[in-house]
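*Asks:* Here it is, the structure, as structure tokens.
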Amino acid sequence: MDETGLRIMHLSAQGYCCSQIMIKLTLEDMGEDNIPLVRAMAGLCEGSGTGDLCGVASGAACVLALYGAKGSDDEQPLECYPIMLSQFMDWFKGSASQWGGIRCEDIVIFQGGRKPEVCGDIMIRARETLLGILTENNLDPSLPREHASGL
């Protein structure tokens with residue numbers, strides 16, 4: 001298992017859910033800490049508590065928004081933001097048959113119950129995809145948007 005997989009296992013063992021793990025890994029990449037944001041991400045876990053869209057997918061959408069969406073009155077979303085979001089969701093939907101669907105409930109049923117290794121694998125693959133999309137769009141995952149050159 002690689003470093004990301006070990007970190008995901010560690011965060012999961014500490015009680016963080018999938019969407020929280022997605023944002024914590026991103027904040028760690030940036031050398032940032034944002035407890036209120038991590039706390040808020042819990043609202044996306046387990047399909048926002050209803051079994052709907054997988055928290056990995058909704059968490060990944062938030063990661064992309066962290067880099068590309070409007071965050072203040074004097075800021076505009078990056079032109080690439082909707083494209084990046086679409087690319088990620090297309091990948092997620094296209095890959096979902098491997099784990100049972102895009103809904104948390106469907107994944108759990110398909111897998112025969114909650115299995116940390118399944119969610120961990122989805123998180124690893126989603127993170128790799130996110131990092132690739134960011135890099136393709138000339139965004140440095142190690143820099144918060146406000147510190148990225150040219151933005």
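Ordering of the structure tokens sets the chain letters (A, B, ...); residue numbers start at 1 within each chain; ligands are numbered from 1 in the order shown.
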Write out as a ChimeraX atom specification the residues lying within 7 Å of region 105-115 of chain A, counting only C-alpha atoms and excluding same-chain residues fewer than 6 positions away.
*Replies:* /A:51-52,99
*Asks:* Running DSSP on the backbone, which parts of chain A land in alpha helix (DSSP H), as a count of residues only?
*Replies:* 91
*Asks:* Provide the CA of His147 (chain A) to CA of Cys18 (chain A) distance in Å, to one decimal place.
*Replies:*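 Computed distance, CA of His147 (chain A) to CA of Cys18 (chain A), equals 26.7 Å.
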*Asks:* Write out as a list in words which residues come within 10 Å of Ser19 (chain A) when counting only C-alpha atoms, dropping same-chain ones fewer than 3 positions away.
*Replies:*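 Everything that qualifies: Tyr16, Met22, Ile23, Lys24, Val38, Ala40, Met41, Ala42, Gly43, Leu44, Cys45, Glu46, Gly47, Ser48, Cys54, Gly55, Val56, Ala57, Ser58, Gly59, Ala60, Ala61, Cys62, Val63 and Met123 of chain A.
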*Asks:* So, with only C-alpha atoms as the atoms that count, which of A:Leu6, A:Ala13, A:Leu37, A:Ile122 lies closest to Trp91 (chain A)?
*Replies:*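 Going through A:Leu6, A:Ala13, A:Leu37, A:Ile122 one by one, the smallest distance to Trp91 (chain A) is for A:Ile122.
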*Asks:* Report, in Å to a single decimal, how far apart CA of Arg127 (chain A) and CA of Gly100 (chain A) are.
*Replies:*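 Between CA of Gly100 (chain A) and CA of Arg127 (chain A) the gap is 18.7 Å.
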*Asks:* With only C-alpha atoms as the basis for distance, which of A:Pro82, A:Thr26, A:His10, A:Leu53 is at the shortest distance from Glu128 (chain A)?
*Replies:*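 Looking only at the distances to Glu128 (chain A), the closest residue turns out to be A:Thr26.
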